[in-house]
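S.K.: My structure is below; once you've seen it, I'll send some questions.
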Amino acid sequence: MTQPNEDKPRDQQWRKDLKKSMTAKERTLIERVRMPEVEPSERIRSNVEVNQGISAEMALVEAKRCLDCPDPQCIKGCPVNVDIPGFIKYVEAGDFIKAAETIKKDNAFPSVCGRVCPQETQCEARCMLADKLNKEAVAIGYLERFVADYARESENVSQPLKAESNGIKVAVIGSGPAGLAAAGDLAKMGYEVTVFEALHEFGGVLKYGIPEFRLPNTIIDKEIETLKLMGVTFMKNIIAGRTISFDDLKNDGFRAFFIGSGAGLPNFMNIPGENFNGVLSSNEYLTRVNLMGAARKGFDTPVFMGKKVAVIGGGNTAMDSVRTAKRLGAEKAMIIYRRSFNEMPARKEEIRHAIEEGIEFLNLHTPVEYFADETGHVNRIKLQRMDLSEPDESGRRKPVPVPGSEYEIEADMVIVSVGVSPNPLIPQSLPSLKVSRHGTILVDDSHMLSSIDGMYAGGDIVRGGATVILAMGDGRRAAQGIHEYLSGKS
Ligand SMILES: Cc1cc2nc3c(=O)[nH]c(=O)nc-3n(C[C@H](O)[C@H](O)[C@H](O)COP(=O)(O)OP(=O)(O)OC[C@H]3O[C@@H](n4cnc5c(N)ncnc54)[C@H](O)[C@@H]3O)c2cc1C
């Protein structure tokens with residue numbers, strides 16, 4: 001199949017022919033594909049990836065559901081404006097590699113985003129089928145994952161070449177999605193990029209937060225390998241601002257910086273008993289399990305394996321923690337969340353998977369106090385029931401305590417997952433760096449430039465706890481800003 005007129009893909013004859021090959025009515029009658037999943041009884045005993053991905057046959061059928069709308073709203077629903085109908089039409093035409101290339105123009109790591117992006121509130125929410133025709137949206141996330149995995153596994157895909165170096169050194173602090181995306185774009189432009197990571201593994205939350213049953217580590221390792229092939233240097237166990245100062249880095253010849261240090265500081269509720277043994281943050285719990293082998297025999301940093309585990313919160317982090325606890329043998333693994341299911345910030349799919357796995361949900365509840373046994377280890381939680389107010393100006397219903405509704409439940413482990421704050425270390429080490437009252441680094445929106453010349457920032461350190469795709473988008477915008485700065489264009 002020839003694909004001329006690359007600039008205006010819609011005008012290409014193959015795409016016009018494809019559109020004409022079926023009526024819109026026929027397309028809307030096709031049922032949305034179902035992603036095969038590992039059975040709950042099997043998956044709670046291992047870290048196997050729950051979602052198994054769709055086959056090429058399924059992808060070819062699902063792609064037909066896309067109406068190739070003249071004014072595609074799905075693109076506007078994507079934080080980095082991936083050409084969604086563009087890549088889906090390549091899938092329908094059977095050119096999966098071209099589909100992957102189309103996504104990669106805007107999204108550095110589609111095999112990650114195809115797995116963890118909240119599509120149901122972004123691109124898929126704006127799909128014409130769902131928004132106007134009351135049908136299920138095109139499975140954009142499944143298709144994205146399919147083409148990204150296909151491209152990665154295909155032996156025909158050429159690796160990005162190591163760009164010819166322009167000799168200019170740029171430092172990237174933090175190896176999460178923001179840092180990796182910035183590093184990739186800077187390397188493509190010929191910069192000598194070094195990524196400095198505080199931990200002993202690269203990938204940020206993708207590695208130490210999101211568990212393997214949602215995002216296998218091999219996928220992140222592969223992305224890092226590709227960046228290495230492009231000439232990016234990775235240095236671990238280095239805390240910028242502590243083990244190495246920014247002055248040291250400047251003296252080493254680094255001429256610009258991207259700060260992608262994330263939001264690694266866990267929030268607590270400051271209620272009585274939070275200091276008892278067995279009460280810990282999601283960050284600590286997931287990092288110990290995912291990164292430090294805490295759940296395996298023979299490791300120096302074990303984690304307590306609770307039998308009655310209560311996770312406080314309703315976001316993705318809470319869901320990952322409670323499902324991890326279940327996999328580590330908890331007989332009772334509970335979510336305690338102060339609002340109802342409708343308001344839960346976690347992805348709908350994660351909530352469904354958690355329910356299937358036997359997680360108990362105590363919605364409209366909040367902990368007010370923890371109690372401990374004689375050894376100081378948590379053994380009970382006092383809970384209070386909550387009600388929801390009428391929606392306020394922002395449209396959100398506030399949780400309101402129900403007076404006199406307190407009661408106690410047993411728990412030998414409590415994992416607090418009520419949000420994160422920006423990592424304070426770098427702002428503390430750079431007094432002239434302007435931060436908000438929440439501790440996020442202030443940047444200009446277009447290029448992510450901070451208050452310090454040559455220093456750019458993005459991802460959770462700028463947004464507070466946000467999403468992978470927003471972090472990647474920031475990294476890429478900052479890379480462009482750094483390029484303009486270093487080439488004298490800004
Ligand atoms: C458990 C969990 C589940 C999540 N699930 C989802 C999901 O399903 N979908 C989604 O879109 N988002 C999800 N998120 C949010 C998403 O992962 C984050 O928004 C994203 O990772 C932020 O990327 P980042 O690059 O800004 O920071 P991070 O991923 O936090 O990476 C920052 C890196 O910087 C390093 N660092 C910090 N300070 C320094 C320093 N001084 N020197 C050197 N290195 C430093 C850290 O060690 C870390 O590796 C989840 C988050 C968590 C915690």
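Starting from 1 in every chain, residues are counted up; chains themselves are A, B, ... following the order of the structure tokens, and ligands are numbered from 1 as listed.
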Would you name the residues within 7 Å of ligand 1, counting only C-alpha atoms and all ligand atoms, and put them as a short mmCIF file (atom, residue, chain, number, x, y, z; two decimals) with N, CA and C atoms, in the first residue's frame?
M.R.:
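Result file is part_25.cif:
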data_model
loop_
_atom_site.label_atom_id
_atom_site.label_comp_id
_atom_site.auth_asym_id
_atom_site.auth_seq_id
_atom_site.Cartn_x
_atom_site.Cartn_y
_atom_site.Cartn_z
N VAL A 116 -1.32 2.60 31.53
CA VAL A 116 -1.67 3.30 32.78
C VAL A 116 -2.42 4.62 32.60
N CYS A 117 -2.58 5.10 31.38
CA CYS A 117 -3.30 6.38 31.22
C CYS A 117 -4.77 6.21 31.59
N PRO A 118 -5.36 7.23 32.21
CA PRO A 118 -6.81 7.15 32.49
C PRO A 118 -7.61 7.52 31.24
N ILE A 173 17.58 15.61 36.17
CA ILE A 173 17.54 15.13 37.55
C ILE A 173 16.24 14.36 37.76
N GLY A 174 16.39 13.06 37.99
CA GLY A 174 15.21 12.20 38.18
C GLY A 174 14.94 11.40 36.92
N SER A 175 14.71 10.09 37.10
CA SER A 175 14.53 9.22 35.94
C SER A 175 13.09 8.72 35.81
N GLY A 176 12.13 9.51 36.31
CA GLY A 176 10.72 9.17 36.10
C GLY A 176 10.32 9.53 34.67
N PRO A 177 9.03 9.40 34.36
CA PRO A 177 8.60 9.67 32.99
C PRO A 177 8.95 11.07 32.49
N ALA A 178 8.94 12.07 33.39
CA ALA A 178 9.28 13.44 32.95
C ALA A 178 10.75 13.48 32.52
N GLY A 179 11.63 12.95 33.37
CA GLY A 179 13.06 12.97 33.07
C GLY A 179 13.40 12.15 31.84
N PHE A 196 20.56 11.83 36.29
CA PHE A 196 21.00 11.52 37.66
C PHE A 196 19.80 11.02 38.47
N GLU A 197 19.93 9.87 39.07
CA GLU A 197 18.81 9.28 39.82
C GLU A 197 19.24 8.99 41.25
N ALA A 198 18.38 9.38 42.19
CA ALA A 198 18.70 9.19 43.61
C ALA A 198 18.67 7.72 44.01
N LEU A 199 17.75 6.96 43.40
CA LEU A 199 17.59 5.55 43.81
C LEU A 199 18.56 4.65 43.03
N PHE A 202 16.30 2.87 37.77
CA PHE A 202 15.77 3.99 36.98
C PHE A 202 14.30 3.76 36.63
N GLY A 203 13.56 4.83 36.49
CA GLY A 203 12.16 4.73 36.07
C GLY A 203 11.18 5.48 36.96
N GLY A 204 11.65 5.96 38.13
CA GLY A 204 10.76 6.72 39.02
C GLY A 204 9.57 5.87 39.45
N VAL A 205 8.42 6.51 39.52
CA VAL A 205 7.21 5.82 40.00
C VAL A 205 6.87 4.63 39.11
N LEU A 206 7.24 4.70 37.84
CA LEU A 206 6.93 3.58 36.93
C LEU A 206 7.56 2.30 37.46
N GLY A 209 6.67 2.57 42.12
CA GLY A 209 5.29 2.76 42.55
C GLY A 209 4.35 1.77 41.90
N ILE A 210 4.17 1.91 40.60
CA ILE A 210 3.18 1.09 39.89
C ILE A 210 3.66 -0.37 39.86
N ILE A 238 22.64 8.96 43.06
CA ILE A 238 23.16 10.34 43.18
C ILE A 238 21.98 11.26 43.48
N ILE A 239 22.05 11.93 44.63
CA ILE A 239 20.97 12.84 45.00
C ILE A 239 21.42 14.25 44.66
N ALA A 240 20.85 14.80 43.59
CA ALA A 240 21.23 16.17 43.21
C ALA A 240 20.79 17.11 44.32
N GLY A 241 21.68 18.03 44.68
CA GLY A 241 21.38 18.95 45.78
C GLY A 241 21.88 18.41 47.11
N ARG A 242 22.28 17.15 47.14
CA ARG A 242 22.79 16.57 48.38
C ARG A 242 24.14 15.90 48.12
N GLY A 260 13.17 16.79 37.21
CA GLY A 260 11.97 15.93 37.19
C GLY A 260 11.99 15.06 38.43
N SER A 261 12.03 15.73 39.59
CA SER A 261 12.28 14.97 40.83
C SER A 261 11.01 14.45 41.50
N GLY A 262 9.86 14.71 40.88
CA GLY A 262 8.63 14.04 41.33
C GLY A 262 8.06 14.55 42.64
N ALA A 263 7.04 13.83 43.08
CA ALA A 263 6.34 14.21 44.32
C ALA A 263 6.44 13.03 45.28
N GLY A 264 7.64 12.84 45.81
CA GLY A 264 7.89 11.62 46.58
C GLY A 264 7.66 11.75 48.07
N ASN A 283 3.95 5.06 49.70
CA ASN A 283 5.27 5.22 49.08
C ASN A 283 6.27 4.23 49.65
N LEU A 286 5.11 0.46 48.81
CA LEU A 286 5.30 0.03 47.42
C LEU A 286 6.79 0.03 47.05
N ASN A 316 -5.14 5.76 42.58
CA ASN A 316 -4.41 4.64 41.99
C ASN A 316 -3.40 4.06 42.98
N THR A 317 -2.78 4.95 43.78
CA THR A 317 -1.77 4.49 44.72
C THR A 317 -2.41 3.58 45.77
N ASP A 320 -3.21 0.26 44.10
CA ASP A 320 -2.00 -0.55 43.91
C ASP A 320 -1.55 -1.16 45.23
N ARG A 347 -8.41 4.85 38.54
CA ARG A 347 -9.00 4.46 37.25
C ARG A 347 -10.09 3.41 37.49
N ASN A 423 8.73 16.64 46.15
CA ASN A 423 9.98 16.33 46.82
C ASN A 423 10.69 17.64 47.17
N LEU A 425 13.65 18.40 48.44
CA LEU A 425 15.10 18.48 48.53
C LEU A 425 15.73 19.51 47.58
N ILE A 426 15.31 19.47 46.34
CA ILE A 426 15.95 20.38 45.37
C ILE A 426 15.57 21.83 45.65
N GLY A 458 9.57 19.87 35.36
CA GLY A 458 8.27 19.35 34.90
C GLY A 458 7.89 18.08 35.62
N GLY A 459 6.67 17.63 35.38
CA GLY A 459 6.16 16.44 36.05
C GLY A 459 5.63 16.79 37.43
N ASP A 460 5.63 15.81 38.32
CA ASP A 460 4.99 15.98 39.63
C ASP A 460 5.64 17.08 40.48
N ILE A 461 6.91 17.38 40.27
CA ILE A 461 7.56 18.43 41.07
C ILE A 461 6.95 19.80 40.72
N GLY A 465 1.08 15.61 42.70
CA GLY A 465 0.81 14.26 42.15
C GLY A 465 -0.10 14.37 40.94
N ALA A 466 0.40 14.01 39.76
CA ALA A 466 -0.43 14.12 38.55
C ALA A 466 -0.40 12.79 37.80
N THR A 467 -0.14 12.82 36.50
CA THR A 467 -0.18 11.57 35.73
C THR A 467 1.09 11.40 34.90
N VAL A 468 1.26 10.16 34.43
CA VAL A 468 2.43 9.82 33.63
C VAL A 468 2.46 10.65 32.34
N ILE A 469 1.33 10.73 31.68
CA ILE A 469 1.34 11.41 30.38
C ILE A 469 1.62 12.90 30.54
N ALA A 471 3.45 14.20 32.89
CA ALA A 471 4.88 14.30 33.19
C ALA A 471 5.70 14.19 31.90
#
S.K.: Excluding segment 388-396 of chain A and residues on its chain fewer than 2 positions from it, collect all residues at most 12 Å away from it, counting only C-alpha atoms, and give them as number ranges by chain.
M.R.: A: 338-344, 363-365, 385-386, 398-402
S.K.: A:Tyr150, A:Glu349, A:Lys222, A:Gly190: which is nearest Met35 of chain A, counting only C-alpha atoms?
M.R.: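 The shortest atom-to-atom distance to Met35 of chain A comes from A:Glu349.
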S.K.: Residues of segment 322-353 of chain A classed as strand (DSSP E or B) by DSSP on the backbone are to be reported as a list of chain:residue names.
M.R.: A:Lys332, A:Ala333, A:Met334, A:Ile335, A:Ile336, A:Tyr337
S.K.: List the spatial neighbours of segment 350-354 of chain A as number ranges by chain - criterion: any atom at most 12 Å away, only C-alpha atoms, same-chain residues fewer than 4 positions off excluded.
M.R.: A: 37-41, 43-44, 49-51, 115-118, 120, 210-211, 213-214, 314-327, 333-335, 341-346, 358-361
S.K.: Which of these, A:Pro72, A:Ile244, A:Arg152, A:Leu215, has the shortest distance to Asp131 of chain A once you count only C-alpha atoms?
M.R.: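 Closest residue, counting only C-alpha atoms: A:Pro72.
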S.K.: Given only C-alpha atoms as the basis, pick out the residue of A:Val82, A:Ile482, A:Ala330, A:Val378 nearest to Ala187 of chain A.
M.R.: A:Ile482
S.K.: Rank nothing, just name the residue among A:Val170, A:Ile88, A:Val303, A:Leu430 nearest to Gly141 of chain A, using only C-alpha atoms.
M.R.: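 Among the listed residues, A:Ile88 lies closest to Gly141 of chain A.
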S.K.: If you run DSSP on the backbone here, which positions in segment 257-390 of chain A get alpha helix (DSSP H)? Please write them as number ranges by chain.
M.R.: A: 282-291, 316-327, 348-356
S.K.: Using C-alpha atoms, can you write the selected residues to a file as a short mmCIF file (atom, residue, chain, number, x, y, z; two decimals), in the first residue's frame?
M.R.:
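Below is the file out.cif, written as the result:
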data_model
loop_
_atom_site.label_atom_id
_atom_site.label_comp_id
_atom_site.auth_asym_id
_atom_site.auth_seq_id
_atom_site.Cartn_x
_atom_site.Cartn_y
_atom_site.Cartn_z
CA SER A 282 1.98 3.81 50.35
CA ASN A 283 5.27 5.22 49.08
CA GLU A 284 7.27 3.30 51.64
CA TYR A 285 5.23 0.13 51.22
CA LEU A 286 5.30 0.03 47.42
CA THR A 287 8.97 1.06 47.23
CA ARG A 288 9.97 -1.66 49.67
CA VAL A 289 8.00 -4.30 47.77
CA ASN A 290 8.64 -3.20 44.18
CA LEU A 291 12.22 -2.03 44.43
CA ASN A 316 -4.41 4.64 41.99
CA THR A 317 -1.77 4.49 44.72
CA ALA A 318 -4.30 3.16 47.22
CA MET A 319 -5.55 0.59 44.72
CA ASP A 320 -2.00 -0.55 43.91
CA SER A 321 -1.20 -0.88 47.61
CA VAL A 322 -4.29 -2.86 48.56
CA ARG A 323 -3.93 -5.23 45.60
CA THR A 324 -0.25 -5.70 46.48
CA ALA A 325 -1.19 -6.54 50.08
CA LYS A 326 -3.66 -9.13 48.77
CA ARG A 327 -0.94 -10.68 46.63
CA LYS A 348 -12.31 2.63 36.89
CA GLU A 349 -10.53 -0.45 35.58
CA GLU A 350 -8.34 -0.65 38.68
CA ILE A 351 -11.39 -0.43 40.93
CA ARG A 352 -13.11 -3.20 38.94
CA HIS A 353 -10.00 -5.38 39.11
CA ALA A 354 -9.73 -4.78 42.86
CA ILE A 355 -13.37 -5.79 43.40
CA GLU A 356 -12.86 -8.95 41.35
#
S.K.: As number ranges by chain, please: the residues near Gln122 of chain A (cut-off 12 Å, only C-alpha atoms, same-chain neighbours under 5 positions excluded).
M.R.: A: 73-82, 84, 113, 117, 127, 130-131, 137, 139-141, 347, 467, 469-470
S.K.: Quick one: write out the picked residues with C-alpha atoms as a short mmCIF file (atom, residue, chain, number, x, y, z; two decimals), in the first residue's frame?
M.R.:
data_model
loop_
_atom_site.label_atom_id
_atom_site.label_comp_id
_atom_site.auth_asym_id
_atom_site.auth_seq_id
_atom_site.Cartn_x
_atom_site.Cartn_y
_atom_site.Cartn_z
CA GLN A 73 -12.34 15.45 19.83
CA CYS A 74 -10.32 12.49 21.13
CA ILE A 75 -7.14 14.36 20.16
CA LYS A 76 -8.24 17.28 22.32
CA GLY A 77 -8.88 14.86 25.19
CA CYS A 78 -5.27 13.65 25.07
CA PRO A 79 -2.90 15.79 27.17
CA VAL A 80 -0.19 15.50 24.51
CA ASN A 81 -2.54 15.60 21.49
CA VAL A 82 -1.62 12.27 19.94
CA ILE A 84 -5.46 9.25 17.55
CA CYS A 113 0.62 5.09 28.53
CA CYS A 117 -3.30 6.38 31.22
CA CYS A 127 -14.79 9.79 21.46
CA ALA A 130 -19.39 7.63 23.67
CA ASP A 131 -19.98 11.36 23.74
CA ALA A 137 -15.84 4.51 23.08
CA ALA A 139 -10.70 1.25 22.88
CA ILE A 140 -7.97 3.80 22.20
CA GLY A 141 -5.79 2.69 25.12
CA ARG A 347 -9.00 4.46 37.25
CA THR A 467 -0.18 11.57 35.73
CA ILE A 469 1.34 11.41 30.38
CA LEU A 470 1.39 14.93 31.82
#
S.K.: For Ile103 of chain A, which residue out of A:Gly278, A:Gly404, A:Gly298, A:Gly86 is the nearest one, using only C-alpha atoms?
M.R.: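 Using only C-alpha atoms, the shortest distance to Ile103 of chain A belongs to A:Gly86.
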S.K.: Work out how far apart atom CA of Ile336 of chain A and atom CA of Asp387 of chain A are and give it in Å to one decimal.
M.R.: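 That distance, rounded to one decimal, is 13.9 Å.
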